[in-house]
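input.cif follows; it contains mmCIF, C-alpha atoms.
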```cif
data_data
#
loop_
_atom_site.label_atom_id
_atom_site.label_comp_id
_atom_site.auth_asym_id
_atom_site.auth_seq_id
_atom_site.Cartn_x
_atom_site.Cartn_y
_atom_site.Cartn_z
CA MET A 1 -9.05 -14.92 16.38
CA SER A 2 -5.59 -13.40 16.45
CA GLU A 3 -4.88 -10.24 18.40
CA PRO A 4 -4.05 -7.12 16.35
CA VAL A 5 -0.30 -6.70 16.02
CA ALA A 6 -0.58 -3.00 16.86
CA THR A 7 -1.77 -3.76 20.40
CA ILE A 8 1.44 -5.56 21.30
CA ASP A 9 3.78 -3.39 23.33
CA ALA A 10 7.30 -4.67 22.70
CA GLU A 11 10.68 -3.26 23.55
CA VAL A 12 14.28 -4.40 23.28
CA TRP A 13 17.33 -2.47 24.41
CA VAL A 14 21.06 -2.81 24.91
CA GLU A 15 22.92 -1.62 27.97
CA ARG A 16 25.88 0.36 26.72
CA PRO A 17 25.52 4.16 26.50
CA GLY A 18 26.48 5.36 23.04
CA LYS A 19 25.73 1.86 21.73
CA ARG A 20 29.27 1.39 20.42
CA TYR A 21 30.83 -2.06 20.61
CA GLN A 22 33.91 -3.67 19.19
CA PRO A 23 34.66 -7.26 18.19
CA GLY A 24 34.88 -9.60 21.17
CA ASP A 25 32.73 -7.39 23.38
CA THR A 26 29.83 -9.04 25.19
CA LEU A 27 26.58 -7.28 24.38
CA GLN A 28 24.09 -7.35 27.24
CA GLY A 29 20.47 -6.77 26.31
CA HIS A 30 16.97 -6.93 27.68
CA PHE A 31 13.48 -7.31 26.23
CA ARG A 32 9.91 -6.89 27.32
CA VAL A 33 6.60 -7.74 25.64
CA GLU A 34 3.11 -6.94 26.88
CA GLY A 35 -0.30 -7.37 25.36
CA LEU A 36 -0.15 -10.88 23.97
CA ALA A 37 -3.51 -12.51 24.48
CA ALA A 38 -2.28 -16.05 23.96
CA ALA A 39 -0.15 -17.65 26.63
CA THR A 40 2.06 -19.82 24.46
CA VAL A 41 3.13 -17.40 21.76
CA PRO A 42 6.91 -17.57 21.41
CA VAL A 43 9.19 -14.58 21.04
CA GLU A 44 12.51 -14.62 19.21
CA VAL A 45 15.53 -12.65 20.35
CA SER A 46 18.47 -12.24 18.02
CA VAL A 47 21.60 -10.20 17.54
CA LEU A 48 22.30 -9.78 13.88
CA TRP A 49 23.67 -7.63 11.09
CA TYR A 50 21.92 -6.86 7.83
CA THR A 51 22.35 -4.60 4.86
CA ALA A 52 19.85 -1.89 4.02
CA GLY A 53 19.72 0.37 1.01
CA GLN A 54 18.56 0.27 -2.58
CA GLY A 55 19.69 -3.19 -3.65
CA GLU A 56 19.51 -6.79 -2.57
CA GLU A 57 19.72 -7.44 1.14
CA ASP A 58 22.04 -9.70 3.09
CA PHE A 59 22.24 -10.63 6.75
CA GLY A 60 24.05 -12.73 9.33
CA VAL A 61 23.00 -13.87 12.79
CA ALA A 62 25.40 -13.76 15.75
CA PHE A 63 22.91 -14.86 18.40
CA PHE A 64 19.41 -16.36 18.34
CA ASP A 65 17.08 -17.61 21.05
CA ARG A 66 13.39 -18.50 21.03
CA ARG A 67 11.53 -18.10 24.29
CA ALA A 68 7.97 -18.87 25.28
CA ALA A 69 5.75 -16.08 26.50
CA SER A 70 3.77 -16.66 29.62
CA VAL A 71 0.24 -15.38 30.19
CA GLY A 72 0.51 -12.76 27.50
CA HIS A 73 3.81 -11.26 28.43
CA ALA A 74 7.49 -12.03 28.28
CA SER A 75 10.66 -10.40 29.48
CA GLY A 76 14.24 -11.41 29.90
CA ASP A 77 17.91 -10.80 29.39
CA PHE A 78 20.30 -12.02 26.76
CA SER A 79 23.95 -11.67 25.94
CA ALA A 80 26.11 -12.28 22.89
CA VAL A 81 29.80 -12.08 22.14
CA LEU A 82 30.18 -9.93 19.04
CA PRO A 83 32.17 -11.27 16.08
CA GLU A 84 35.00 -9.69 14.11
CA GLY A 85 32.66 -8.09 11.58
CA PRO A 86 31.27 -6.81 9.40
CA PHE A 87 31.58 -3.36 10.89
CA SER A 88 28.70 -0.90 10.94
CA TYR A 89 28.69 1.29 7.88
CA ASP A 90 26.36 4.20 7.19
CA GLY A 91 26.88 4.61 3.47
CA GLN A 92 24.64 6.35 1.01
CA ILE A 93 24.03 3.36 -1.25
CA VAL A 94 24.28 0.63 1.35
CA LYS A 95 24.30 0.49 5.12
CA VAL A 96 25.57 -2.33 7.30
CA CYS A 97 23.33 -2.36 10.33
CA TRP A 98 23.76 -4.21 13.63
CA ALA A 99 20.81 -4.67 15.94
CA ALA A 100 19.35 -6.64 18.78
CA ARG A 101 15.99 -7.74 17.42
CA LEU A 102 12.83 -8.94 19.13
CA ARG A 103 10.25 -10.73 17.02
CA CYS A 104 6.86 -11.48 18.54
CA MET A 105 4.79 -14.16 16.86
CA VAL A 106 1.06 -13.77 16.65
CA PRO A 107 -1.39 -16.53 15.74
CA GLY A 108 -2.33 -16.24 12.08
CA GLY A 109 1.22 -15.84 10.86
CA LYS A 110 1.70 -12.16 11.66
CA HIS A 111 4.52 -10.86 13.76
CA ARG A 112 5.83 -7.65 15.25
CA VAL A 113 9.51 -6.75 15.06
CA VAL A 114 11.33 -4.17 17.18
CA GLU A 115 15.04 -3.46 17.14
CA ALA A 116 17.74 -1.81 19.19
CA PRO A 117 20.41 -0.78 16.68
CA PHE A 118 24.03 -0.43 17.78
CA TRP A 119 27.45 0.25 16.27
CA LEU A 120 30.07 -2.44 15.76
CA VAL A 121 33.30 -0.55 15.14
CA PRO A 122 36.96 -1.56 14.86
CA ARG A 123 39.00 -1.85 18.04
CA GLY A 124 40.14 1.55 19.16
CA GLU A 125 37.11 3.35 17.72
CA ALA A 126 34.59 2.30 20.34
CA THR A 127 34.69 5.53 22.31
CA SER A 128 31.66 7.63 21.42
CA MET B 1 15.36 13.74 17.53
CA ILE B 2 14.07 10.64 15.78
CA ALA B 3 16.78 8.11 14.97
CA ALA B 4 16.58 8.50 11.20
CA LEU B 5 17.87 12.07 11.36
CA ASP B 6 20.15 11.75 14.39
CA PRO B 7 23.76 11.87 13.16
CA GLN B 8 24.91 9.74 16.11
CA ALA B 9 22.29 7.02 15.67
CA PRO B 10 23.54 3.64 14.45
CA PRO B 11 22.47 2.80 10.90
CA SER B 12 19.33 0.70 10.75
CA ARG B 13 16.50 -0.16 8.40
CA ARG B 14 14.73 2.87 9.84
CA SER B 15 17.53 5.18 8.65
CA ASN B 16 15.83 5.65 5.29
CA PRO B 17 12.06 5.22 4.84
CA PHE B 18 12.53 4.54 1.12
CA ALA B 19 15.01 1.65 1.50
CA THR B 20 14.31 -1.59 -0.32
CA CYS B 21 13.21 -3.31 2.88
CA TRP B 22 10.17 -1.00 2.98
CA THR B 23 9.46 -0.60 -0.75
CA ARG B 24 10.22 -4.01 -2.29
CA PRO B 25 7.34 -5.92 -3.87
CA GLY B 26 4.95 -7.07 -1.18
CA ALA B 27 6.52 -5.03 1.65
CA MET B 28 3.78 -2.39 1.67
CA ALA B 29 0.19 -3.10 2.49
CA PHE B 30 -2.16 -2.98 -0.49
CA VAL B 31 -3.66 0.45 -0.97
CA ARG B 32 -7.14 0.68 -2.41
CA SER B 33 -6.81 2.10 -5.91
CA ALA B 34 -9.32 3.31 -8.48
CA GLY B 35 -12.11 1.12 -7.20
CA VAL B 36 -9.88 -1.92 -6.71
CA ASP B 37 -9.91 -3.31 -3.20
CA ALA B 38 -8.90 -6.72 -1.97
CA PRO B 39 -12.32 -7.96 -0.70
CA THR B 40 -13.99 -7.09 -4.03
CA VAL B 41 -11.27 -8.81 -6.03
CA ALA B 42 -11.50 -11.82 -3.72
CA GLU B 43 -15.22 -12.05 -4.46
CA ARG B 44 -14.50 -12.00 -8.18
CA LEU B 45 -11.93 -14.74 -7.73
CA ALA B 46 -14.25 -16.84 -5.57
CA THR B 47 -16.93 -16.77 -8.24
CA ASN B 48 -14.30 -17.88 -10.78
CA GLY B 49 -13.04 -20.81 -8.70
CA TRP B 50 -10.07 -18.77 -7.40
CA ARG B 51 -8.67 -18.41 -10.89
CA GLY B 52 -7.65 -15.11 -12.37
CA GLN B 53 -4.98 -12.62 -13.31
CA VAL B 54 -3.99 -9.31 -11.73
CA VAL B 55 -2.40 -6.88 -14.18
CA GLY B 56 -0.39 -3.70 -13.69
CA PRO B 57 3.02 -2.10 -14.23
CA HIS B 58 6.08 -2.47 -11.96
CA GLY B 59 5.58 -1.30 -8.39
CA VAL B 60 1.86 -0.63 -8.63
CA GLY B 61 0.90 -3.03 -5.86
CA LYS B 62 0.34 -6.40 -7.52
CA SER B 63 2.42 -8.26 -4.93
CA ALA B 64 0.65 -6.50 -2.08
CA LEU B 65 -2.73 -7.32 -3.60
CA LEU B 66 -1.77 -10.97 -4.05
CA ALA B 67 -0.65 -11.11 -0.42
CA ALA B 68 -3.97 -9.61 0.69
CA LEU B 69 -5.90 -12.07 -1.48
CA ALA B 70 -3.92 -14.99 -0.07
CA ARG B 71 -4.80 -13.87 3.46
CA ILE B 72 -8.48 -13.72 2.55
CA ALA B 73 -8.30 -17.17 0.97
CA THR B 74 -6.62 -18.53 4.10
CA GLU B 75 -9.30 -16.96 6.31
CA ARG B 76 -11.89 -18.78 4.19
CA GLY B 77 -10.20 -22.09 4.95
CA LEU B 78 -8.32 -22.55 1.69
CA ALA B 79 -4.75 -23.76 1.59
CA THR B 80 -2.56 -21.24 -0.22
CA ARG B 81 0.94 -21.15 -1.62
CA ARG B 82 2.90 -18.19 -2.94
CA LEU B 83 5.40 -18.55 -5.76
CA VAL B 84 7.69 -15.62 -6.57
CA ILE B 85 9.70 -16.18 -9.73
CA ASP B 86 12.80 -14.04 -10.04
CA ALA B 87 16.12 -14.29 -11.81
CA ARG B 88 17.42 -16.76 -9.23
CA SER B 89 14.35 -18.97 -8.92
CA ARG B 90 13.21 -19.19 -12.54
CA ARG B 91 14.97 -22.52 -13.06
CA ARG B 92 14.13 -24.14 -9.74
CA VAL B 93 11.65 -26.97 -9.40
CA LEU B 94 8.08 -25.80 -9.78
CA PRO B 95 5.58 -26.60 -7.02
CA LEU B 96 3.41 -29.27 -8.55
CA GLN B 97 1.41 -30.09 -5.43
CA MET B 98 -2.23 -29.68 -6.30
CA ASN B 99 -3.69 -29.05 -2.85
CA ALA B 100 -3.34 -25.26 -2.61
CA VAL B 101 -4.44 -22.11 -4.36
CA LEU B 102 -1.25 -20.94 -6.05
CA PHE B 103 -0.44 -17.21 -6.16
CA VAL B 104 2.26 -16.56 -8.76
CA GLU B 105 4.35 -13.44 -9.26
CA GLY B 106 6.76 -13.04 -12.16
CA LEU B 107 5.17 -15.63 -14.43
CA GLU B 108 6.65 -13.84 -17.45
CA ARG B 109 10.14 -14.70 -16.21
CA LEU B 110 9.59 -18.45 -16.56
CA PRO B 111 11.02 -20.06 -19.69
CA GLY B 112 8.24 -20.98 -22.13
CA TRP B 113 7.95 -24.71 -21.45
CA ARG B 114 8.05 -24.22 -17.67
CA ARG B 115 5.31 -21.63 -17.92
CA TRP B 116 3.31 -24.08 -20.02
CA LEU B 117 3.90 -26.82 -17.43
CA LEU B 118 2.66 -24.60 -14.60
CA LEU B 119 -0.42 -23.49 -16.51
CA ALA B 120 -1.16 -27.02 -17.67
CA THR B 121 -1.71 -28.00 -14.04
CA ALA B 122 -4.09 -25.12 -13.39
CA ALA B 123 -7.28 -27.07 -13.90
CA ARG B 124 -6.28 -29.62 -11.24
CA ARG B 125 -5.53 -27.01 -8.58
CA PRO B 126 -8.08 -25.45 -6.21
CA GLY B 127 -7.04 -22.12 -7.73
CA LEU B 128 -4.40 -20.19 -9.63
CA VAL B 129 -3.91 -16.43 -9.43
CA VAL B 130 -1.13 -14.78 -11.41
CA ALA B 131 0.25 -11.24 -11.45
CA LEU B 132 1.32 -9.89 -14.83
CA HIS B 133 2.62 -6.62 -16.20
CA ARG B 134 0.29 -6.76 -19.17
CA PRO B 135 -2.95 -8.63 -19.89
CA SER B 136 -2.13 -12.16 -20.92
CA SER B 137 -1.96 -13.47 -24.44
CA ALA B 138 -3.68 -16.64 -25.61
CA PRO B 139 -2.08 -19.24 -23.26
CA LEU B 140 -3.57 -17.51 -20.23
CA ALA B 141 -6.90 -16.68 -21.80
CA ASP B 142 -8.80 -19.00 -19.45
CA LEU B 143 -7.68 -16.98 -16.42
CA PRO B 144 -10.08 -14.04 -16.22
CA LEU B 145 -8.82 -10.53 -15.55
CA VAL B 146 -9.92 -9.81 -11.97
CA ALA B 147 -8.02 -6.57 -11.34
CA GLN B 148 -6.15 -4.04 -13.42
CA LEU B 149 -4.01 -1.66 -11.38
CA ALA B 150 -2.76 1.71 -12.57
CA PRO B 151 -0.55 4.24 -10.78
CA SER B 152 -2.21 7.39 -9.49
CA GLU B 153 -1.23 10.40 -7.43
CA SER B 154 -3.78 9.52 -4.78
CA MET B 155 -2.22 6.09 -4.40
CA LEU B 156 1.22 7.69 -4.31
CA GLU B 157 0.10 9.93 -1.46
CA SER B 158 -1.22 6.94 0.52
CA LEU B 159 2.00 5.00 -0.02
CA TYR B 160 4.19 7.99 0.86
CA ARG B 161 2.25 8.56 4.08
CA SER B 162 2.52 4.89 5.06
CA LEU B 163 6.29 4.94 4.47
CA VAL B 164 6.93 8.06 6.56
CA ALA B 165 4.30 7.39 9.23
CA ASP B 166 6.86 6.59 11.92
CA ARG B 167 10.14 7.22 10.09
CA GLU B 168 11.19 10.84 9.93
CA THR B 169 12.44 12.34 6.69
CA ARG B 170 13.01 15.70 5.10
CA VAL B 171 11.57 14.39 1.84
CA THR B 172 8.14 15.91 1.32
CA LEU B 173 5.00 14.78 -0.42
CA ASP B 174 5.65 17.46 -3.04
CA ASP B 175 9.03 15.81 -3.70
CA ALA B 176 7.23 12.51 -4.17
CA ARG B 177 4.68 14.04 -6.55
CA GLU B 178 7.44 15.69 -8.59
CA ALA B 179 9.34 12.37 -8.91
CA PHE B 180 6.08 10.59 -9.77
CA ARG B 181 5.48 12.96 -12.68
CA ARG B 182 9.09 12.86 -13.81
CA HIS B 183 9.06 9.05 -13.95
CA GLY B 184 5.65 8.71 -15.55
CA GLY B 185 4.09 6.94 -12.57
CA ASP B 186 6.82 4.31 -12.13
CA TYR B 187 6.73 3.85 -8.36
CA ARG B 188 9.95 1.86 -8.25
CA ARG B 189 11.95 4.73 -9.76
CA VAL B 190 10.13 7.18 -7.50
CA TRP B 191 11.29 5.30 -4.39
CA PHE B 192 14.88 5.20 -5.71
CA ASP B 193 14.80 8.97 -6.20
CA LEU B 194 13.33 9.61 -2.77
CA TYR B 195 15.89 7.30 -1.16
CA ASP B 196 18.71 9.41 -2.66
CA LEU B 197 16.96 12.64 -1.71
CA HIS B 198 16.57 11.49 1.88
CA GLU B 199 20.28 10.65 2.08
CA ALA B 200 21.23 14.01 0.60
CA ARG B 201 19.12 15.85 3.16
CA ARG B 202 20.25 13.94 6.25
CA PRO B 203 22.03 16.33 8.59
CA ASN B 204 25.80 16.06 9.09
CA ARG B 205 26.05 12.72 7.33
CA ALA B 206 29.85 12.83 7.28
CA ARG B 207 29.93 12.71 11.08
CA ALA B 208 27.50 9.86 11.17
CA LEU B 209 29.93 7.33 9.75
CA GLY B 210 30.89 4.75 12.32
CA VAL B 211 34.04 3.80 10.47
CA SER B 212 35.92 5.08 7.50
CA ALA B 213 35.18 3.53 4.12
CA THR B 214 38.67 2.03 4.13
CA SER B 215 38.30 0.24 7.44
CA ALA B 216 34.79 -0.89 6.48
CA ARG B 217 36.15 -2.59 3.39
CA GLY B 218 38.92 -4.12 5.48
CA GLY B 219 36.23 -5.57 7.74
CA GLY B 220 34.79 -7.57 4.90
CA VAL B 221 31.85 -5.36 4.01
#
```
Starting from the file, lay out its structure as structure tokens.
Amino acid sequence: MSEPVATIDAEVWVERPGKRYQPGDTLQGHFRVEGLAAATVPVEVSVLWYTAGQGEEDFGVAFFDRRAASVGHASGDFSAVLPEGPFSYDGQIVKVCWAARLRCMVPGGKHRVVEAPFWLVPRGEATS
Amino acid sequence: MIAALDPQAPPSRRSNPFATCWTRPGAMAFVRSAGVDAPTVAERLATNGWRGQVVGPHGVGKSALLAALARIATERGLATRRLVIDARSRRRVLPLQMNAVLFVEGLERLPGWRRWLLLATAARRPGLVVALHRPSSAPLADLPLVAQLAPSESMLESLYRSLVADRETRVTLDDAREAFRRHGGDYRRVWFDLYDLHEARRPNRARALGVSATSARGGGV
């Protein structure tokens, strides 16, 4: 039997206050998962951008790593050098979103996703 | 302040609870509606050899119901496969493997002979369940109607509450009801309206922009 997704306590976060980065910056992040009953359930860590809004969605992945959980929990660090774009954009019709994402697999095909969103802004605009 | 209404928060899928990522077909869990619930429909399908059609207008929950039915079939040990036919996939190769119960969305979008080809294989599959906007005409007559979904204000309320459960918004249930009436029960248009309303009511949106529109375009957005 698979454990209910709601019982998984998962968290991912990035280090920088203000969460503003610019191209070429190295993003340092951390994650933590508790409550997995199975010992071998993998977790996926990624740094990615995606569009959100009313239309079709697009995305791109800057960093991806799959790590095994051990005895129901997992934690770790990750880092990624951020690319030249696309830049974050908070538009009304479409938004370009950057995030560090943690995806926890659960037997039975379900998964739980948590994100730490951040800004990717042009050089010179990184000061919050 | 919760991120969705914080002007300094980076944009994310949580910025708007009515964005496509939350409201697209199949993204929301199936909500019991007018006596239609997934276990009951699954029983009807099981007694019909996992063959049947689910009928209802756009956005009423057909995809969510099919997803729930597929999960039930899987739990009963059946192999399942989901086929979503949209504008981009309507001319791709059809899955002709006969070892899985096939759940099909968008059957009406298939060109006539491809639809015929898919249906012609139905008898050799362990099951075929299709979602349609209207009850089928003659070529689908051997697939019994197992569920007919219709929009309702009670279902709207359940969907609205699930969308805003952990995503803050200044869009109210009364706003949702008003849009529901204005659009004659078309959920898809309701979510579009509520998306725009949420954006209009976000505080200090102008200061929330991370970059100017000009520099965003220059960055390849």
Ground truth for the PyMOL selection byres ((chain A) within 12 of (chain B)), written as a ChimeraX atom specification: /A:1-2,17-23,48-60,83-101,108-110,113-128
Exercise: Phe103 of chain B partners within 9 Å, all atoms listed in the file, chain neighbours under 3 positions left out, as a list in words: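 In the requested form, the answer reads Leu66, Ala67, Leu69, Ala70, Thr80, Arg81, Arg82, Leu83, Val84, Gly127, Leu128, Val129, Val130 and Ala131 of chain B.
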Å distance separating atom CA of Gly24 of chain A from atom CA of Gly76 of chain A, one decimal place: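 Between these atoms lies a distance of 22.5 Å.
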Separation of atom CA of Ala165 of chain B from atom CA of Gly35 of chain A in Å: 22.3 Å
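Closest approach to Val12 of chain A among A:Leu102, A:Phe63, A:Thr26, A:Ser70 is made by A:Leu102 (distances from only C-alpha atoms).
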Cys104 of chain A environment, 9 Å, all atoms listed in the file, sequence neighbours closer than 5 positions dropped, as a count of residues only: 15
Output check: residues returned by the PyMOL selection byres ((chain B and resi 107) around 10), as a ChimeraX atom specification: /B:83-86,90,104-106,108-112,114-115,118-119,130-133
Keeping C-alpha atoms, export the residues of the selection given above as a PDB file, in the coordinates of the input.
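Once written, result_16.pdb looks like this:
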```pdb
ATOM      1  CA  LEU B  83       5.400 -18.550  -5.760  1.00  0.00           C
ATOM      2  CA  VAL B  84       7.690 -15.620  -6.570  1.00  0.00           C
ATOM      3  CA  ILE B  85       9.700 -16.180  -9.730  1.00  0.00           C
ATOM      4  CA  ASP B  86      12.800 -14.040 -10.040  1.00  0.00           C
ATOM      5  CA  ARG B  90      13.210 -19.190 -12.540  1.00  0.00           C
ATOM      6  CA  VAL B 104       2.260 -16.560  -8.760  1.00  0.00           C
ATOM      7  CA  GLU B 105       4.350 -13.440  -9.260  1.00  0.00           C
ATOM      8  CA  GLY B 106       6.760 -13.040 -12.160  1.00  0.00           C
ATOM      9  CA  GLU B 108       6.650 -13.840 -17.450  1.00  0.00           C
ATOM     10  CA  ARG B 109      10.140 -14.700 -16.210  1.00  0.00           C
ATOM     11  CA  LEU B 110       9.590 -18.450 -16.560  1.00  0.00           C
ATOM     12  CA  PRO B 111      11.020 -20.060 -19.690  1.00  0.00           C
ATOM     13  CA  GLY B 112       8.240 -20.980 -22.130  1.00  0.00           C
ATOM     14  CA  ARG B 114       8.050 -24.220 -17.670  1.00  0.00           C
ATOM     15  CA  ARG B 115       5.310 -21.630 -17.920  1.00  0.00           C
ATOM     16  CA  LEU B 118       2.660 -24.600 -14.600  1.00  0.00           C
ATOM     17  CA  LEU B 119      -0.420 -23.490 -16.510  1.00  0.00           C
ATOM     18  CA  VAL B 130      -1.130 -14.780 -11.410  1.00  0.00           C
ATOM     19  CA  ALA B 131       0.250 -11.240 -11.450  1.00  0.00           C
ATOM     20  CA  LEU B 132       1.320  -9.890 -14.830  1.00  0.00           C
ATOM     21  CA  HIS B 133       2.620  -6.620 -16.200  1.00  0.00           C
TER      22      HIS B 133
END
```
Residue with smallest distance to Leu27 of chain A - pool A:Ala74, A:Ala62, A:Val81, A:Ala69, counting all atoms listed in the file: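 Closest to Leu27 of chain A of all the choices is A:Val81.
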Best match for closeness to Lys62 of chain B among B:Pro144, B:Gly77, B:Pro25, B:Pro126, counting only C-alpha atoms: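 Ranking B:Pro144, B:Gly77, B:Pro25, B:Pro126 by distance to Lys62 of chain B, first place goes to B:Pro25.
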Computed interatomic separation between atom CA of Val171 of chain B and atom CA of Val31 of chain B (Å): 20.8 Å
Option closest in space to Gly26 of chain B, from B:Gly49, B:Pro39, B:Gly61, B:Gly56 [counting all atoms listed in the file]: B:Gly61
Spatial neighbours of Arg44 of chain B, 12 Å, all atoms listed in the file, chain gap at least 4 places, as a list in words: Val36, Asp37, Ala38, Pro39, Thr40, Asn48, Gly49, Trp50, Arg51, Gly52, Gln53, Val54, Leu69, Val129, Leu143, Pro144, Leu145, Val146 and Ala147 of chain B
The selected residues should be written to file as a tab-separated table (two decimals), keeping the file's coordinate frame (atoms: C-alpha atoms).
```
chain	number	residue	atom	x	y	z
B	36	VAL	CA	-9.88	-1.92	-6.71
B	37	ASP	CA	-9.91	-3.31	-3.20
B	38	ALA	CA	-8.90	-6.72	-1.97
B	39	PRO	CA	-12.32	-7.96	-0.70
B	40	THR	CA	-13.99	-7.09	-4.03
B	48	ASN	CA	-14.30	-17.88	-10.78
B	49	GLY	CA	-13.04	-20.81	-8.70
B	50	TRP	CA	-10.07	-18.77	-7.40
B	51	ARG	CA	-8.67	-18.41	-10.89
B	52	GLY	CA	-7.65	-15.11	-12.37
B	53	GLN	CA	-4.98	-12.62	-13.31
B	54	VAL	CA	-3.99	-9.31	-11.73
B	69	LEU	CA	-5.90	-12.07	-1.48
B	129	VAL	CA	-3.91	-16.43	-9.43
B	143	LEU	CA	-7.68	-16.98	-16.42
B	144	PRO	CA	-10.08	-14.04	-16.22
B	145	LEU	CA	-8.82	-10.53	-15.55
B	146	VAL	CA	-9.92	-9.81	-11.97
B	147	ALA	CA	-8.02	-6.57	-11.34
```
Chain and number of each residue from the PyMOL selection byres ((chain A and resi 30) around 9), as a VMD selection string: chain A and resid 11 to 15 28 to 29 31 to 32 75 to 79
